[in-house]
Amino acid sequence: MGEYVEVAEVAELADGAMGAVRSAGRDLLLARVGEAYYATQLRCPHIGADLARGSLQGTVVTCPRHGSQFDLRDGHVVRWTDRGGVALAVAKRIRSPRPLSVYPVKIEGERVLVDPGLDGPSDRTPSPA
Ligand code: FES
């Protein structure tokens, strides 16, 4: 277990909002859904788009580049690109679906803290569903 690092204040992130934060040299996506906060890797596991430029519906973030979707609660892949048929088969062959790395978040007073996991494996994501 690493140490928690402050990445934002509670008032900075409205319900349903997300944004890029930097924690101990690692770029992360921080999102708020209701009273829950989620932190994941910032870059899409497909080919690296900035997920903070995507959209958020509930706990599902959609990548702005090719439409892959991930559930922020555990990082699992909801959809691997927005392509179908042969194009999807090619996309999966080039880069197999992989989940987002997720990081523990806690709130202390008005501070949002994330454990960027610097002393352990960077991928704390459970196996894809
Ligand atoms: S870079 Fe995110 S879906 Fe392609």
# chains A, B, ... in the order shown; residues from 1 in each chain; ligands from 1

$ residues_around --residues "Ala11 of chain A" --least-positions-apart "4" --cutoff "10 Å" --atoms "only C-alpha atoms" --output "ChimeraX atom specification"
/A:15,110-112

$ residues_near_ligand --ligand "ligand 1" --cutoff "7 Å" --atoms "only C-alpha atoms and all ligand atoms" --output "PyMOL selection string"
chain A and resi 44-49+63-68+80-81

$ write_last_selection --atoms "N, CA and C atoms" --output "CSV table (one decimal), in the first residue's frame"
chain,number,residue,atom,x,y,z
A,44,CYS,N,-6.3,6.2,-22.0
A,44,CYS,CA,-7.1,5.1,-22.5
A,44,CYS,C,-6.2,3.9,-22.8
A,45,PRO,N,-6.6,2.7,-22.3
A,45,PRO,CA,-5.8,1.5,-22.6
A,45,PRO,C,-5.8,1.1,-24.1
A,46,HIS,N,-6.6,1.7,-24.9
A,46,HIS,CA,-6.6,1.3,-26.3
A,46,HIS,C,-5.4,1.9,-26.9
A,47,ILE,N,-5.4,3.2,-27.2
A,47,ILE,CA,-4.1,3.8,-27.7
A,47,ILE,C,-3.9,5.2,-27.1
A,48,GLY,N,-4.3,5.3,-25.9
A,48,GLY,CA,-3.8,6.4,-25.1
A,48,GLY,C,-4.5,7.8,-25.1
A,49,ALA,N,-5.7,7.9,-25.6
A,49,ALA,CA,-6.4,9.2,-25.5
A,49,ALA,C,-6.6,9.6,-24.1
A,63,CYS,N,-14.3,7.0,-24.0
A,63,CYS,CA,-13.1,7.6,-24.5
A,63,CYS,C,-13.5,8.5,-25.7
A,64,PRO,N,-12.9,9.7,-25.8
A,64,PRO,CA,-13.2,10.6,-26.9
A,64,PRO,C,-12.7,10.2,-28.3
A,65,ARG,N,-11.8,9.2,-28.3
A,65,ARG,CA,-11.2,8.9,-29.6
A,65,ARG,C,-11.9,7.8,-30.4
A,66,HIS,N,-12.1,6.7,-29.8
A,66,HIS,CA,-12.8,5.6,-30.5
A,66,HIS,C,-14.0,5.0,-29.7
A,67,GLY,N,-14.4,5.7,-28.7
A,67,GLY,CA,-15.6,5.3,-28.0
A,67,GLY,C,-15.5,4.1,-27.0
A,68,SER,N,-14.3,3.6,-26.7
A,68,SER,CA,-14.3,2.6,-25.7
A,68,SER,C,-14.9,3.1,-24.4
A,80,TRP,N,-15.3,-2.2,-26.0
A,80,TRP,CA,-13.9,-1.9,-26.6
A,80,TRP,C,-14.1,-1.3,-28.0
A,81,THR,N,-13.9,-0.1,-28.1
A,81,THR,CA,-14.1,0.8,-29.2
A,81,THR,C,-15.6,0.8,-29.6

$ select_by_dssp --residues "chain A" --states "strand (DSSP E)" --output "number ranges by chain"
A: 5-9, 18-23, 26-33, 36-41, 55-57, 60-62, 69-71, 77-79, 102-103, 105-108, 111-114

$ residues_around --residues "Glu9 of chain A" --least-positions-apart "6" --cutoff "12 Å" --atoms "only C-alpha atoms" --output "PyMOL selection string"
chain A and resi 21+30+32+37+106-114

$ select_by_dssp --residues "segment 12-112 of chain A" --states "alpha helix (DSSP H)" --output "MDAnalysis selection string"
chainID A and resid 85:94

$ atom_distance --atom1 "atom CA of Leu28 of chain A" --atom2 "atom CA of Thr40 of chain A"
5.6 Å

$ atom_distance --atom1 "atom CA of Leu100 of chain A" --atom2 "atom CA of Leu42 of chain A"
8.7 Å

$ closest_residue --among "A:Ala20, A:Ile94, A:Ala52, A:Ala39" --to "Tyr4 of chain A" --atoms "only C-alpha atoms"
A:Ala39

$ atom_distance --atom1 "atom CA of Gly58 of chain A" --atom2 "atom CA of Asp71 of chain A"
8.8 Å

$ residues_around --residues "Arg73 of chain A" --least-positions-apart "5" --cutoff "9 Å" --atoms "only C-alpha atoms" --output "list in words"
Tyr38, Ala39, Thr59, Val60 and Val102 of chain A

$ closest_residue --among "A:Arg79, A:Gln41, A:Lys92, A:Ala24" --to "Glu3 of chain A" --atoms "only C-alpha atoms"
A:Ala24

$ residues_around --residues "Gly16 of chain A" --least-positions-apart "5" --cutoff "8 Å" --atoms "only C-alpha atoms" --output "list of chain:residue names"
A:Ala31, A:Arg32, A:Val33, A:Gly34, A:Leu56, A:Gln57, A:Gly58

$ closest_residue --among "A:Val90, A:Val78, A:Ser23, A:Ala14" --to "Val105 of chain A" --atoms "only C-alpha atoms"
A:Ser23
